[in-house]
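Asker: Sharing a structure with you now.
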Amino acid sequence: MNVVVCVKQIPDPADPGELDPETKTLKRDSKLILDESDSYGVEMALQLVDAAGEGEVTLVSMAPNNEVGGLRTALAMGAASAVLVSDEALAGTDALGTAKVLAAAIGRTSPDLVLAATESSDGYTGTVPAQVAELLGLPSVTFAKEIAVDGGGVHVKRQTEDGYDSVECPMPCLVSVTAGVVEPRYPSFKGIMAAKSKPVDEVTVADLGIDAGSVGWAGGGQEIVGIEPAPARESGEVIEDEGDAHERIVAFLDELKVL
Amino acid sequence: MDFTFTEDQYLFRDTVRELLADKCTPTAVRAAWENRSGRVDGLWGQLADMGVVGLTAPDAAGGLGLNEVDLVLLLEEAGRAALPEPLAEHTAVAVPTVADAAPDHPLLGPAAAGEITISVGLEQSPYVSGAEEAGALVLQHGDALHLVERADYTVESTRSVDESRRLGRVRWTPSTESSLSTDPALVARAFDRGALAAAAQCLGIAQQLLDLTVAYVQDRQQFGKPVGVNQAVKHHLANVGLAIEFARPVTYRAAWCVANEHPELTLEVSTAKALASDAVDLACRHALQCHGAIGYTVEYDLQLWLKRGWALAASWGDATWHRQRVADAVLGPTG
């Protein structure tokens with residue numbers, strides 16, 4: 001069974017993020033690391049391939065400056081290879097543009113299953129997995145907390161507010177997994193050393209047959225016109241109790257319509 | 001020649017740091033102080049799976065065949081996390097010593113896989129750490145080293161200031177069967193490996209104490225301002241930072257010298273251990289002072305690093321002992 005995992009390489013959350021005043025976007029010129037939320041998908045994919053007894057895990061990622069730091073971590077965990085899409089034309093790409101690129105890159109392989117995180121840790125749109133599935137014409141299941149492969153389909157326990165739904169879906173399909181679906185393994189030192197020699201196929205927008213005008217700032221159809229610091233939280237009202245404080249509190253709660 | 005660490009070596013360090021941040025929390029270390037083994041349940045197995053435990057074992061025994069330069073950053077992380085596992089005794093000293101003396105020894109395979117631990121007792125110290133739990137010990141008898149399996153020694157336990165270090169006097173009888181090496185150079189090298197490992201752990205402890213204390217003095221308010229704004233506090237912590245930064249490159253050089261059997265490795269190891277012991281001692285004293293009274297309490301986590309720091313500063317030769325060895329090496333024996 002061949003599994004593709006969509007992984008995002010993000011600035012290290014331990015370092016304070018910085019916005020570029022010119023592009024008004026997050027600076028991504030420092031070393032990027034594997035988004036922790038994608039480590040669950042990588043682990044899940046490795047476990048499914050192990051259980052199937054054949055096949056391999058391929059990573060698909062889009063990142064600036066041909067950055068492979070995060071991919072190396074996932075390769076060290078046990079993934080066999082990676083496809084990295086890196087192109088200056090991709091600067092400013094929105095969620096739909098990202099989905100177009102990832103779908104085109106995934107389309108170069110023939111996976112039985114595509115896994116993705118529910119959302120990235122730095123973007124939080126949470127829309128890319130479903131968009132990728134739609135673009136590839138695949139059925140998709142979101143919020144998987146447990147996945148089992150049986151015959152030609154997947155059985156998914158899909159996290160809901162009240163518990164979970166049991167969902168069955170034929171393969172090939174795309175499943176987005178929640179954090180905690182499995183405990184990601186720590187790369188072994190042998191894995192770290194082996195990762196250097198695993199193939200990373202670096203491709204451009206043109207290689208994928210995508211019109212550069214349909215991605216990046218041009219394809220986004222949106223413009224960030226300004227960025228402002230979040231306003232400081234206003235201090236609350238202090239009431240000196242002169243015997244009528246309870247009335248003021250009741251009036252306040254009444255105003256909030258909680259009484 | 002490029003002496004900087006490789007990308008792989010930094011990745012090894014970062015991976016171990018993540019594992020220890022997750023599994024070797026202060027709560028886990030406290031639990032280790034109180035349990036029978038003095039260790040964190042399951043952690044040794046995870047370190048073995050990662051390749052840390054067998055890092056210095058030969059490839060043929062299932063190890064990684066790496067050396068002190070690859071290990072030194074991991075020993076710093078062990079200190080940073082107050083790791084209550086025998087990484088120094090087993091991976092830094094016993095395994096490479098056995099591998100040097102008897103590369104095909106049957107215990108190397110289980111030792112590389114983390115199935116048994118091998119601790120070490122040299123004549124500079126009357127106590128052996130972790131002897132009760134070990135599967136075997138590398139023990140010195142004069143100029144000779146012996147590998148003594150668990151059935152062939154007894155342990156008389158004693159308490160350490162750091163309660164995760166389970167110390168004991170070992171009773172054993174040297175025999176032909178237990179003999180590992182009669183080469184005095186191997187005894188000296190085993191000691192230098194231990195002193196280097198202690199120095200690297202001291203650096204990690206000192207750095208952790210500094211980081212904890214810098215965070216504390218920025219948070220703790222007195223007279224309406226953080227105590228860290230006071231110059232006397234800044235000076236203390238800057239001096240600790242200075243001591244660490246002086247000791248760190250010397251320790252890395254010592255690691256390279258041990259790995260490459262440099263003729264002056266003894267001088268380099270002693271310089272490193274003297275500076276690292278000084279650094280951790282200074283870090284302990286200033287961390288305690290800058291924390292004020294809360295630093296003395298058992299309930300506060302600072303004590304985990306303080307006690308480990310004090311214990312390791314004096315282990316494998318304290319700063320004074322190593323300074324004397326440097327003086328002897330440079331000036332000739334002064335008696």
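As shown in the structure tokens, the chain order sets the letters A, B, ...; within each chain, residues go from 1, and ligands are also counted from 1 in the order they appear.
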Give me, as a PDB file with C-alpha atoms, in the first residue's frame, the contact residues of chain B against chain A at a cut-off of 12 Å, counting only C-alpha atoms.
Answerer:
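Contents of part21.pdb, as written:
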```pdb
ATOM      1  CA  THR B   6      27.802  18.178  11.738  1.00  0.00           C
ATOM      2  CA  GLU B   7      24.140  18.641  10.899  1.00  0.00           C
ATOM      3  CA  ASP B   8      23.566  15.002  11.937  1.00  0.00           C
ATOM      4  CA  GLN B   9      25.186  15.551  15.320  1.00  0.00           C
ATOM      5  CA  TYR B  10      22.925  18.549  15.969  1.00  0.00           C
ATOM      6  CA  LEU B  11      19.916  16.500  14.828  1.00  0.00           C
ATOM      7  CA  PHE B  12      20.889  13.713  17.258  1.00  0.00           C
ATOM      8  CA  ARG B  13      21.044  16.313  20.019  1.00  0.00           C
ATOM      9  CA  ASP B  14      17.711  17.906  19.108  1.00  0.00           C
ATOM     10  CA  THR B  15      15.999  14.523  18.917  1.00  0.00           C
ATOM     11  CA  VAL B  16      17.315  13.497  22.335  1.00  0.00           C
ATOM     12  CA  ARG B  17      16.352  16.893  23.742  1.00  0.00           C
ATOM     13  CA  GLU B  18      12.778  16.410  22.507  1.00  0.00           C
ATOM     14  CA  LEU B  19      12.565  12.891  23.927  1.00  0.00           C
ATOM     15  CA  LEU B  20      13.883  13.975  27.325  1.00  0.00           C
ATOM     16  CA  ASP B  22       8.726  14.688  26.920  1.00  0.00           C
ATOM     17  CA  LYS B  23       9.713  11.691  29.043  1.00  0.00           C
ATOM     18  CA  GLN B  46      13.440   4.352  24.194  1.00  0.00           C
ATOM     19  CA  LEU B  47      17.002   5.661  24.294  1.00  0.00           C
ATOM     20  CA  ALA B  48      18.183   2.251  23.067  1.00  0.00           C
ATOM     21  CA  ASP B  49      15.643   2.216  20.208  1.00  0.00           C
ATOM     22  CA  MET B  50      16.838   5.654  19.193  1.00  0.00           C
ATOM     23  CA  GLY B  51      20.454   4.441  19.102  1.00  0.00           C
ATOM     24  CA  VAL B  52      21.737   6.476  22.035  1.00  0.00           C
ATOM     25  CA  VAL B  53      22.533   3.557  24.359  1.00  0.00           C
ATOM     26  CA  GLY B  54      24.564   1.678  21.730  1.00  0.00           C
ATOM     27  CA  LEU B  55      26.083   4.762  20.127  1.00  0.00           C
ATOM     28  CA  ASP B  59      28.671  -1.920  14.298  1.00  0.00           C
ATOM     29  CA  GLY B  62      24.564  -3.744  16.730  1.00  0.00           C
ATOM     30  CA  GLY B  63      25.857  -0.342  17.810  1.00  0.00           C
ATOM     31  CA  LEU B  64      26.468   2.752  15.745  1.00  0.00           C
ATOM     32  CA  GLY B  65      30.274   2.700  16.013  1.00  0.00           C
ATOM     33  CA  LEU B  66      30.364   6.420  16.808  1.00  0.00           C
ATOM     34  CA  ASP B  70      29.019  12.305  18.656  1.00  0.00           C
ATOM     35  CA  LEU B  71      28.208  11.618  22.302  1.00  0.00           C
ATOM     36  CA  LEU B  74      23.949  14.077  24.193  1.00  0.00           C
TER      37      LEU B  74
END
```
Asker: Can you list, as a list in words, every protein, DNA or RNA residue that comes within 8 Å of Ala313 in chain B when you count only C-alpha atoms, leaving out same-chain residues fewer than 5 positions away?
Answerer: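 The filter keeps Ala198, Ala199, Cys202, Ala276, Ser277, Asp278, Val280, Asp281, Asp318 and Ala319 of chain B.
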Asker: Write a file of the just-selected residues containing C-alpha atoms, as a compact mmCIF listing (two decimals), in the first residue's frame.
Answerer:
```txt
# COMPACT_ATOMS: atom_id res chain seq x y z
CA ALA B 198 30.94 14.12 33.86
CA ALA B 199 32.23 17.42 32.44
CA CYS B 202 28.05 19.42 34.32
CA ALA B 276 33.09 22.36 33.94
CA SER B 277 33.17 21.56 37.68
CA ASP B 278 33.84 25.24 38.41
CA VAL B 280 28.43 23.96 37.59
CA ASP B 281 29.49 24.82 41.13
CA ASP B 318 36.96 17.49 41.41
CA ALA B 319 38.31 20.77 40.03
```
Asker: If I take CA of Glu156 in chain B and CA of Glu133 in chain B, how far is one from the other in Å, to one decimal?
Answerer: 12.6 Å
Asker: So which bits of range 104-300 of chain B end up helix (DSSP H, G or I) when you DSSP the backbone, as a PyMOL selection string?
Answerer: chain B and resi 108-112+150-152+184-219+227-229+231-259+265-296
Asker: Output C-alpha atoms for every residue in that selection, as a JSON list (two decimals), in the first residue's frame.
Answerer:
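File written: part09.json
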```
[["chain", "number", "residue", "atom", "x", "y", "z"],
["B", 108, "LEU", "CA", 28.49, -6.00, 23.79],
["B", 109, "GLY", "CA", 25.41, -7.00, 21.78],
["B", 110, "PRO", "CA", 22.99, -6.95, 24.73],
["B", 111, "ALA", "CA", 24.69, -3.78, 26.00],
["B", 112, "ALA", "CA", 24.27, -2.03, 22.63],
["B", 150, "ARG", "CA", 26.06, -9.55, 38.27],
["B", 151, "ALA", "CA", 26.22, -12.98, 39.90],
["B", 152, "ASP", "CA", 29.87, -12.46, 40.77],
["B", 184, "PRO", "CA", 47.24, 0.31, 32.12],
["B", 185, "ALA", "CA", 46.58, 2.71, 29.22],
["B", 186, "LEU", "CA", 43.06, 1.31, 28.99],
["B", 187, "VAL", "CA", 42.49, 2.04, 32.69],
["B", 188, "ALA", "CA", 43.67, 5.62, 32.17],
["B", 189, "ARG", "CA", 41.47, 5.99, 29.11],
["B", 190, "ALA", "CA", 38.43, 4.67, 30.95],
["B", 191, "PHE", "CA", 38.97, 7.28, 33.63],
["B", 192, "ASP", "CA", 39.38, 10.05, 31.06],
["B", 193, "ARG", "CA", 36.18, 8.93, 29.35],
["B", 194, "GLY", "CA", 34.36, 9.13, 32.69],
["B", 195, "ALA", "CA", 35.77, 12.56, 33.51],
["B", 196, "LEU", "CA", 34.81, 13.83, 30.06],
["B", 197, "ALA", "CA", 31.26, 12.47, 30.45],
["B", 198, "ALA", "CA", 30.94, 14.12, 33.86],
["B", 199, "ALA", "CA", 32.23, 17.42, 32.44],
["B", 200, "ALA", "CA", 29.68, 17.37, 29.62],
["B", 201, "GLN", "CA", 26.84, 16.62, 32.04],
["B", 202, "CYS", "CA", 28.05, 19.42, 34.32],
["B", 203, "LEU", "CA", 27.75, 21.83, 31.38],
["B", 204, "GLY", "CA", 24.17, 20.73, 30.71],
["B", 205, "ILE", "CA", 23.23, 21.09, 34.37],
["B", 206, "ALA", "CA", 24.87, 24.52, 34.59],
["B", 207, "GLN", "CA", 23.06, 25.70, 31.45],
["B", 208, "GLN", "CA", 19.72, 24.44, 32.77],
["B", 209, "LEU", "CA", 20.29, 26.16, 36.11],
["B", 210, "LEU", "CA", 21.15, 29.38, 34.30],
["B", 211, "ASP", "CA", 18.07, 29.17, 32.06],
["B", 212, "LEU", "CA", 15.77, 28.41, 34.99],
["B", 213, "THR", "CA", 17.24, 31.24, 37.05],
["B", 214, "VAL", "CA", 17.12, 33.82, 34.26],
["B", 215, "ALA", "CA", 13.43, 32.96, 33.77],
["B", 216, "TYR", "CA", 12.80, 33.15, 37.51],
["B", 217, "VAL", "CA", 14.44, 36.56, 38.10],
["B", 218, "GLN", "CA", 12.51, 38.01, 35.16],
["B", 219, "ASP", "CA", 9.26, 36.79, 36.67],
["B", 227, "VAL", "CA", 14.49, 41.07, 40.78],
["B", 228, "GLY", "CA", 16.49, 40.49, 37.62],
["B", 229, "VAL", "CA", 16.76, 44.22, 36.93],
["B", 231, "GLN", "CA", 22.75, 44.75, 38.79],
["B", 232, "ALA", "CA", 23.99, 42.38, 41.48],
["B", 233, "VAL", "CA", 21.66, 39.67, 40.15],
["B", 234, "LYS", "CA", 22.69, 40.34, 36.55],
["B", 235, "HIS", "CA", 26.37, 40.10, 37.49],
["B", 236, "HIS", "CA", 25.90, 36.74, 39.17],
["B", 237, "LEU", "CA", 24.16, 35.27, 36.18],
["B", 238, "ALA", "CA", 26.54, 36.82, 33.66],
["B", 239, "ASN", "CA", 29.42, 35.22, 35.56],
["B", 240, "VAL", "CA", 27.68, 31.85, 35.33],
["B", 241, "GLY", "CA", 27.16, 32.34, 31.59],
["B", 242, "LEU", "CA", 30.82, 33.25, 31.22],
["B", 243, "ALA", "CA", 31.97, 30.15, 33.11],
["B", 244, "ILE", "CA", 29.80, 27.92, 30.91],
["B", 245, "GLU", "CA", 31.02, 29.53, 27.70],
["B", 246, "PHE", "CA", 34.63, 29.10, 28.78],
["B", 247, "ALA", "CA", 34.15, 25.45, 29.72],
["B", 248, "ARG", "CA", 32.07, 24.36, 26.71],
["B", 249, "PRO", "CA", 34.64, 24.60, 23.86],
["B", 250, "VAL", "CA", 37.30, 23.07, 26.07],
["B", 251, "THR", "CA", 34.99, 20.12, 26.75],
["B", 252, "TYR", "CA", 34.32, 19.71, 23.03],
["B", 253, "ARG", "CA", 38.05, 19.74, 22.37],
["B", 254, "ALA", "CA", 38.55, 17.10, 25.07],
["B", 255, "ALA", "CA", 35.91, 14.95, 23.36],
["B", 256, "TRP", "CA", 37.76, 15.24, 20.07],
["B", 257, "CYS", "CA", 41.07, 14.38, 21.78],
["B", 258, "VAL", "CA", 39.61, 11.25, 23.42],
["B", 259, "ALA", "CA", 37.96, 10.15, 20.17],
["B", 265, "LEU", "CA", 44.08, 13.92, 25.88],
["B", 266, "THR", "CA", 44.68, 13.64, 29.62],
["B", 267, "LEU", "CA", 45.65, 17.32, 29.82],
["B", 268, "GLU", "CA", 42.62, 18.32, 27.74],
["B", 269, "VAL", "CA", 40.18, 16.18, 29.72],
["B", 270, "SER", "CA", 41.46, 17.54, 33.03],
["B", 271, "THR", "CA", 41.21, 21.13, 31.79],
["B", 272, "ALA", "CA", 37.63, 20.45, 30.69],
["B", 273, "LYS", "CA", 36.59, 18.76, 33.93],
["B", 274, "ALA", "CA", 38.18, 21.49, 36.08],
["B", 275, "LEU", "CA", 36.40, 24.26, 34.15],
["B", 276, "ALA", "CA", 33.09, 22.36, 33.94],
["B", 277, "SER", "CA", 33.17, 21.56, 37.68],
["B", 278, "ASP", "CA", 33.84, 25.24, 38.41],
["B", 279, "ALA", "CA", 31.01, 26.28, 36.08],
["B", 280, "VAL", "CA", 28.43, 23.96, 37.59],
["B", 281, "ASP", "CA", 29.49, 24.82, 41.13],
["B", 282, "LEU", "CA", 29.11, 28.53, 40.36],
["B", 283, "ALA", "CA", 25.77, 27.88, 38.64],
["B", 284, "CYS", "CA", 24.50, 25.94, 41.66],
["B", 285, "ARG", "CA", 25.51, 28.64, 44.14],
["B", 286, "HIS", "CA", 24.17, 31.57, 42.14],
["B", 287, "ALA", "CA", 20.98, 29.78, 41.07],
["B", 288, "LEU", "CA", 20.27, 29.04, 44.70],
["B", 289, "GLN", "CA", 21.06, 32.59, 45.81],
["B", 290, "CYS", "CA", 19.05, 34.25, 43.04],
["B", 291, "HIS", "CA", 16.04, 32.05, 43.76],
["B", 292, "GLY", "CA", 16.09, 33.03, 47.42],
["B", 293, "ALA", "CA", 14.55, 30.81, 50.04],
["B", 294, "ILE", "CA", 12.33, 28.86, 47.66],
["B", 295, "GLY", "CA", 15.44, 27.36, 46.05],
["B", 296, "TYR", "CA", 16.14, 25.47, 49.29]]
```
Asker: Which residue out of B:Thr117, B:Gln140, B:Thr297, B:Asn260 has the minimum interatomic distance to Ser178 in chain B when only C-alpha atoms are used?
Answerer: B:Gln140
Asker: Interatomic distance between CA of Ala130 in chain A and CA of Thr142 in chain A?
Answerer: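 About the pair CA of Ala130 in chain A and CA of Thr142 in chain A: they are 7.8 Å apart.
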Asker: DSSP on the backbone: which residues in range 44-237 of chain B end up as strand (DSSP E)? Give the answer as number ranges by chain.
Answerer: B: 118-121, 128-129, 136-141, 144-149, 153-158, 167-172, 179-181, 221-222, 225-226
Asker: Based on the selection just made, write N, CA, C and O atoms of those residues as a compact mmCIF listing (two decimals), in the first residue's frame.
Answerer:
```
# COMPACT_ATOMS: atom_id res chain seq x y z
N ILE B 118 25.90 -1.82 31.80
CA ILE B 118 27.22 -2.09 32.39
C ILE B 118 27.67 -0.79 33.05
O ILE B 118 27.75 0.25 32.39
N SER B 119 27.91 -0.84 34.35
CA SER B 119 28.43 0.33 35.03
C SER B 119 29.94 0.16 35.23
O SER B 119 30.52 -0.84 34.78
N VAL B 120 30.53 1.13 35.91
CA VAL B 120 31.99 1.12 35.97
C VAL B 120 32.47 1.58 37.35
O VAL B 120 31.89 2.49 37.95
N GLY B 121 33.50 0.89 37.85
CA GLY B 121 34.10 1.28 39.13
C GLY B 121 35.60 1.30 39.02
O GLY B 121 36.23 0.25 38.84
N VAL B 128 30.44 2.67 43.32
CA VAL B 128 30.02 2.42 41.94
C VAL B 128 28.56 2.85 41.82
O VAL B 128 27.74 2.53 42.68
N SER B 129 28.24 3.59 40.77
CA SER B 129 26.87 4.05 40.55
C SER B 129 26.09 2.99 39.78
O SER B 129 26.56 2.46 38.77
N ALA B 136 26.38 -6.06 34.57
CA ALA B 136 27.81 -6.34 34.73
C ALA B 136 28.52 -5.04 35.07
O ALA B 136 27.97 -3.95 34.90
N LEU B 137 29.74 -5.17 35.57
CA LEU B 137 30.53 -3.99 35.92
C LEU B 137 31.92 -4.11 35.29
O LEU B 137 32.50 -5.20 35.25
N VAL B 138 32.45 -2.97 34.83
CA VAL B 138 33.87 -2.89 34.49
C VAL B 138 34.56 -2.38 35.76
O VAL B 138 34.25 -1.28 36.23
N LEU B 139 35.44 -3.20 36.33
CA LEU B 139 36.07 -2.85 37.60
C LEU B 139 37.60 -2.87 37.46
O LEU B 139 38.16 -3.72 36.75
N GLN B 140 38.21 -1.92 38.14
CA GLN B 140 39.68 -1.82 38.09
C GLN B 140 40.29 -2.62 39.24
O GLN B 140 39.80 -2.58 40.37
N HIS B 141 41.38 -3.29 38.93
CA HIS B 141 42.18 -3.95 39.96
C HIS B 141 43.64 -3.69 39.61
O HIS B 141 44.21 -4.36 38.74
N ALA B 144 44.85 -3.48 35.91
CA ALA B 144 44.00 -4.35 35.09
C ALA B 144 42.53 -3.94 35.18
O ALA B 144 42.10 -3.32 36.16
N LEU B 145 41.79 -4.28 34.15
CA LEU B 145 40.35 -4.09 34.16
C LEU B 145 39.67 -5.46 34.07
O LEU B 145 40.15 -6.36 33.36
N HIS B 146 38.58 -5.60 34.80
CA HIS B 146 37.81 -6.84 34.78
C HIS B 146 36.37 -6.52 34.41
O HIS B 146 35.86 -5.45 34.74
N LEU B 147 35.74 -7.46 33.72
CA LEU B 147 34.31 -7.35 33.43
C LEU B 147 33.61 -8.41 34.27
O LEU B 147 33.76 -9.60 34.02
N VAL B 148 32.88 -7.93 35.28
CA VAL B 148 32.34 -8.84 36.30
C VAL B 148 30.82 -8.89 36.16
O VAL B 148 30.16 -7.85 36.25
N GLU B 149 30.30 -10.06 35.95
CA GLU B 149 28.85 -10.18 35.77
C GLU B 149 28.14 -10.14 37.12
O GLU B 149 28.74 -10.34 38.18
N TYR B 153 29.34 -10.41 42.00
CA TYR B 153 29.66 -9.34 42.94
C TYR B 153 28.45 -9.04 43.82
O TYR B 153 27.32 -9.37 43.47
N THR B 154 28.73 -8.44 44.95
CA THR B 154 27.65 -7.99 45.85
C THR B 154 27.79 -6.49 46.05
O THR B 154 28.87 -5.91 45.83
N VAL B 155 26.70 -5.85 46.47
CA VAL B 155 26.69 -4.40 46.60
C VAL B 155 26.24 -4.02 48.01
O VAL B 155 25.23 -4.54 48.50
N GLU B 156 26.99 -3.12 48.62
CA GLU B 156 26.59 -2.55 49.91
C GLU B 156 26.20 -1.09 49.63
O GLU B 156 27.05 -0.25 49.36
N SER B 157 24.89 -0.83 49.63
CA SER B 157 24.39 0.47 49.18
C SER B 157 24.71 1.59 50.17
O SER B 157 24.78 1.36 51.38
N THR B 158 24.86 2.77 49.61
CA THR B 158 25.01 3.97 50.43
C THR B 158 24.23 5.09 49.77
O THR B 158 23.89 4.99 48.59
N LEU B 167 24.39 4.63 44.68
CA LEU B 167 25.79 4.29 44.90
C LEU B 167 25.95 3.08 45.80
O LEU B 167 25.07 2.80 46.64
N GLY B 168 27.04 2.39 45.63
CA GLY B 168 27.30 1.26 46.51
C GLY B 168 28.76 0.84 46.45
O GLY B 168 29.45 1.09 45.46
N ARG B 169 29.21 0.23 47.56
CA ARG B 169 30.54 -0.42 47.55
C ARG B 169 30.35 -1.82 46.99
O ARG B 169 29.41 -2.51 47.36
N VAL B 170 31.26 -2.19 46.11
CA VAL B 170 31.14 -3.49 45.44
C VAL B 170 32.16 -4.46 46.00
O VAL B 170 33.34 -4.11 46.16
N ARG B 171 31.70 -5.64 46.35
CA ARG B 171 32.60 -6.72 46.82
C ARG B 171 32.74 -7.74 45.68
O ARG B 171 31.73 -8.24 45.17
N TRP B 172 33.97 -8.02 45.31
CA TRP B 172 34.19 -8.97 44.21
C TRP B 172 35.61 -9.52 44.31
O TRP B 172 36.45 -8.98 45.05
N SER B 179 38.92 -11.27 33.78
CA SER B 179 39.93 -10.34 33.26
C SER B 179 39.56 -9.82 31.87
O SER B 179 39.22 -10.58 30.97
N LEU B 180 39.61 -8.51 31.74
CA LEU B 180 39.27 -7.86 30.46
C LEU B 180 40.51 -7.33 29.77
O LEU B 180 40.68 -7.46 28.57
N SER B 181 41.40 -6.71 30.58
CA SER B 181 42.61 -6.13 29.99
C SER B 181 43.65 -5.93 31.09
O SER B 181 43.30 -5.64 32.24
N GLN B 221 8.87 39.33 41.28
CA GLN B 221 8.82 40.77 41.53
C GLN B 221 9.10 41.08 43.00
O GLN B 221 8.62 40.38 43.89
N GLN B 222 9.88 42.11 43.23
CA GLN B 222 10.09 42.65 44.57
C GLN B 222 10.11 44.17 44.44
O GLN B 222 10.74 44.71 43.52
N LYS B 225 9.19 45.55 40.92
CA LYS B 225 9.95 45.30 39.69
C LYS B 225 10.57 43.90 39.74
O LYS B 225 10.80 43.36 40.84
N PRO B 226 10.88 43.33 38.57
CA PRO B 226 11.52 42.00 38.58
C PRO B 226 12.88 42.07 39.29
O PRO B 226 13.63 43.04 39.08
```
Asker: What does the distance between CA of Val203 in chain A and CA of Asp122 in chain A come to in Å, to one decimal place?
Answerer: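 Separating CA of Val203 in chain A from CA of Asp122 in chain A is a distance of 23.6 Å.
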Asker: Skipping near chain neighbours, those fewer than 5 positions away, what residues fall within 9 Å of Leu259 in chain A using only C-alpha atoms, listed as a list in words?
Answerer: Val250, Leu253 and Asp254 of chain A
Asker: Which neighbours of range 132-138 of chain A fall inside 8 Å, counting only C-alpha atoms, when residues of the same chain fewer than 2 positions from it are skipped, and could you give them as a PyMOL selection string?
Answerer: chain A and resi 99-100+102-103+107+128-130+140+172-174
Asker: Only N, CA, C and O atoms, please: the residues just picked out, written as a JSON list (two decimals), in the first residue's frame.
Answerer:
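Resulting contents of selection_38.json:
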```json
[["chain", "number", "residue", "atom", "x", "y", "z"],
["A", 99, "ALA", "N", -3.53, 24.03, -2.25],
["A", 99, "ALA", "CA", -4.20, 22.76, -2.57],
["A", 99, "ALA", "C", -3.96, 22.38, -4.03],
["A", 99, "ALA", "O", -3.75, 21.21, -4.35],
["A", 100, "LYS", "N", -3.98, 23.37, -4.93],
["A", 100, "LYS", "CA", -3.73, 23.09, -6.35],
["A", 100, "LYS", "C", -2.34, 22.49, -6.53],
["A", 100, "LYS", "O", -2.15, 21.51, -7.27],
["A", 102, "LEU", "N", -0.36, 21.04, -4.21],
["A", 102, "LEU", "CA", -0.22, 19.72, -3.58],
["A", 102, "LEU", "C", -0.94, 18.65, -4.41],
["A", 102, "LEU", "O", -0.42, 17.53, -4.58],
["A", 103, "ALA", "N", -2.12, 18.98, -4.91],
["A", 103, "ALA", "CA", -2.87, 18.00, -5.72],
["A", 103, "ALA", "C", -2.08, 17.63, -6.97],
["A", 103, "ALA", "O", -2.02, 16.44, -7.34],
["A", 107, "GLY", "N", -0.62, 14.02, -7.76],
["A", 107, "GLY", "CA", -1.03, 13.39, -9.00],
["A", 107, "GLY", "C", 0.11, 12.74, -9.75],
["A", 107, "GLY", "O", -0.11, 11.91, -10.63],
["A", 128, "VAL", "N", -7.29, 23.03, 3.44],
["A", 128, "VAL", "CA", -6.47, 22.45, 2.37],
["A", 128, "VAL", "C", -6.78, 20.97, 2.10],
["A", 128, "VAL", "O", -6.93, 20.57, 0.94],
["A", 129, "PRO", "N", -6.90, 20.11, 3.15],
["A", 129, "PRO", "CA", -7.13, 18.69, 2.85],
["A", 129, "PRO", "C", -8.37, 18.45, 1.99],
["A", 129, "PRO", "O", -8.31, 17.72, 1.00],
["A", 130, "ALA", "N", -9.48, 19.07, 2.35],
["A", 130, "ALA", "CA", -10.72, 18.86, 1.57],
["A", 130, "ALA", "C", -10.57, 19.43, 0.16],
["A", 130, "ALA", "O", -11.08, 18.85, -0.81],
["A", 140, "SER", "N", -13.15, 12.16, 0.68],
["A", 140, "SER", "CA", -12.32, 12.54, 1.81],
["A", 140, "SER", "C", -13.07, 12.35, 3.12],
["A", 140, "SER", "O", -14.29, 12.45, 3.17],
["A", 172, "PRO", "N", -8.81, 4.77, -3.67],
["A", 172, "PRO", "CA", -8.02, 5.81, -3.00],
["A", 172, "PRO", "C", -8.90, 6.91, -2.42],
["A", 172, "PRO", "O", -9.97, 7.21, -2.96],
["A", 173, "CYS", "N", -8.41, 7.47, -1.33],
["A", 173, "CYS", "CA", -9.14, 8.55, -0.69],
["A", 173, "CYS", "C", -8.17, 9.41, 0.10],
["A", 173, "CYS", "O", -6.97, 9.09, 0.19],
["A", 174, "LEU", "N", -8.67, 10.51, 0.64],
["A", 174, "LEU", "CA", -7.85, 11.39, 1.47],
["A", 174, "LEU", "C", -8.46, 11.43, 2.87],
["A", 174, "LEU", "O", -9.68, 11.58, 3.01]]
```
Asker: Which residues are close to range 13-23 of chain A, i.e. within 10 Å by only C-alpha atoms, leaving aside same-chain residues fewer than 5 positions away? Reply as a ChimeraX atom specification.
Answerer: /A:28,30,32-33,35-36,91-92,121-122,217,223-227
Asker: Which is closer to Glu56 in chain A than all the others in A:Ser110, A:Ser39, A:Ser86, A:Gln159, using only C-alpha atoms?
Answerer: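 Selected residue with least distance to Glu56 in chain A: A:Ser110.
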Asker: Please provide as a PyMOL selection string all residues within 8 Å of Cys24 in chain B, with the sequence filter that same-chain residues fewer than 5 positions apart are discarded (counting only C-alpha atoms).
Answerer: chain B and resi 19+29+40+43+81-83
Asker: Within 10 Å of Glu168 in chain A, counting only C-alpha atoms, which residues show up once you throw out same-chain ones fewer than 2 positions away? Write them as a ChimeraX atom specification, please.
Answerer: /A:141,147-150,153-157,165-166,170-171
Asker: Which residue gives the smallest distance to Lys31 in chain A among A:Gly55, A:Pro231, A:Gly70, A:Pro111, with only C-alpha atoms counted?
Answerer: A:Gly70
